[in-house]
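Written below as structure tokens is the structure these notes are about.
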Amino acid sequence: MALKLFNTLTRSVQEFAPLDPQKKKVGMYCCGPTVYDFAHIGNWRTFVFADLVRRTLEFSGYDVQHVMNITDVEDKIIKRVREQKTTLREFTGKFETAFLDDLKALGCREPHQKPRATEHIPEIISLIEKLVARGVAYKAADGSVYFSIEKYRGCGCHYGQLLKLNLDEMRAGERVASDEYEKESVADFALWKARVPDDGDVFWPSPFGEGRPGWHIECSAMSIKALGETFDLHLGGEDLKFPHHEDEIAQSEGATGKPFVKFWLHGAHLLVEGKKMSKSLGNFHTLRDLLEKGHTGREVRYLLLTAHYRETFNFTLDGLSGARTALARIDECVAKLRELAAGNTTANTDTNTLTANFSNALADDLNISAAWGEVFKWVTETNKRIAENSLSAKDAASALAAWEKVDSVLGIGAKAEAEAPAEIVALAEARAEAKKARDFKRADAIRDELKAKGWVVEDTPKGIKLKKM
Ligand code: AMP
Ligand code: ZN
């Protein structure tokens with residue numbers, strides 16, 4: 001089944017086809033973190049969603065080039081650098097490292113390119129120069145360079161591609177200097193912000209004077225550099241539709257005269273315990289907070305992946321406990337299959353059932369609930385077949401191969417059975433000997449010793465089994 005995705009540009013679910021004439025390569029850009037603090041669980045919903053899109057494309061056979069920028073200079077960052085009397089790089093470096101650590105903890109595949117805005121100042125300047133040369137950007141009296149929405153529209157270009165804007169209410173020439181603004185105040189936005197005392201050491205020379213880039217132009221310059229003037233997919237959270245993505249389209253199409261992106265995908269927001277996350281409500285979680293409370297990155301990933309990306313998701317701590325139970329069911333089933341497969345491997349996947357149903361569910365605009373439904377149906381059926389002893393080693397190996405294929409998208413893995421060290425194995429064998437000799441006192445003493453060392457020994461029809469406690 002062909003992959004279908006909801007394209008914000010057309011407000012419809014469309015069959016995905018890459019621009020590449022060979023239909024193989026896909027360019028995908030996801031707006032990355034603004035590294036001014038630790039990313040919160042809402043941010044993580046968006047990045048796990050981007051990881052799901054990438055993995056689904058790879059699962060479908062595409063060769064994906066995944067780009068995620070690091071926004072390491074913008075209004076909020078400058079404010080904190082000033083408040084904390086530190087340098088830009090020192091400040092952003094700390095949060096960038098933390099972000100990449102968290103990304104790994106959540107099982108996300110690392111983007112192929114992670115461009116930093118501060119390392120693309122020449123590309124940003126040259127894009128602004130193009131816009132000035134084309135007459136859609138101008139330098140204002142405050143020394144900053146702005147994008148002119150009126151001039152852009154005058155060239156027959158369309159401002160308001162991702163959402164309806166009431167441009168008739170806009171007053172021509174009105175300007176907005178900050179990176180974030182409401183759609184009620186559509187106005188010419190800043191491409192280059194002239195240096196002001198509050199910027200401290202954060203400025204670069206440019207043909208327009210010393211200053212720094214606006215947030216929106218950073219993404220246009222980095223995405224065009226990494227993926228070309230027109231590329232396949234652009235992702236982000238729904239709050240980025242306006243003004244960030246709308247401005248990205250305007251700057252890019254205004255400079256190149258070509259369509260910027262074919263598919264725009266937006267992930268819905270996340271609430272925590274039914275409310276908008278906020279520090280004052282005590283429902284604000286970073287991944288670190290959750291790990292400290294004893295949850296795992298895998299559990300958080302699972303929970304974030306349970307809801308459809310276009311639905312608002314209510315993240316709860318109860319849900320996180322539920323994630324642990326659900327994952328344990330999968331782990332147990334996979335562990336039993338590994339035991340049954342006893343080293344048999346096969347490239348044959350169970351294509352008529354799990355993988356086919358799972359991939360059909362995902363092809364339907366990433367219907368993840370249906371995809372999980374297939375996984376748990378498979379767990380139930382597999383457990384039944386194991387209980388009935390109707391699964392051969394070869395069957396178990398092909399079921400495992402199917403699971404691994406599916407897990408290449410889910411990215412939750414399955415806990416491998418911990419291998420017991422030689423000393424523990426020797427103790428377990430000594431216990432078995434003692435039992436054979438009907439020395440139950442000694443056998444029980446060895447069992448206690450194993451327990452004290454963190455291992456449980458089980459007697460199964462196939463012999464002894466050691467499990468880490
Ligand atoms: P930022 O670091 O603020 O630029 O945000 C990084 C990403 O997280 C963006 O794609 C935002 O749209 C997304 N984001 C921010 N808050 C939430 C939320 N509550 N739920 C889902 N995504 C969010
Ligand atoms: Zn962006």
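Residues are referred to by chain and number: the chain letter is A, B, ... according to the order shown in the structure tokens, the number counts from 1 in that chain, and ligands are numbered separately from 1 in the order shown.
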Give me the residues near region 39-45 of chain A as a PyMOL selection string, where near means some atom within 7 Å (using only C-alpha atoms) and where sequence neighbours in that chain fewer than 5 positions away do not count. chain A and resi 99+269-270+285-287+304
Using only C-alpha atoms and all ligand atoms, which residues of the polymer chains come no farther than 7 Å from ligand 2? I'd like the answer as a ChimeraX atom specification. /A:31-32,216,219,244-245
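Using only C-alpha atoms and all ligand atoms, the smallest distance between any of A:Val132, A:Ala399, A:Ala221, A:Ile70 and ligand 1 comes from A:Ile70.
Nearest to ligand 1 of all the residues A:Leu235, A:Ile330, A:Ala452, A:Ala428 is A:Leu235, based on only C-alpha atoms and all ligand atoms.
Distance annotation: of A:Ile412, A:Leu340, A:Met1, A:Ala187, the residue with the minimal separation from Leu165 (chain A) is A:Ala187; atom set is only C-alpha atoms.
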One decimal place gives the CA of Ser223 (chain A)-CA of Asn69 (chain A) separation as 8.2 Å
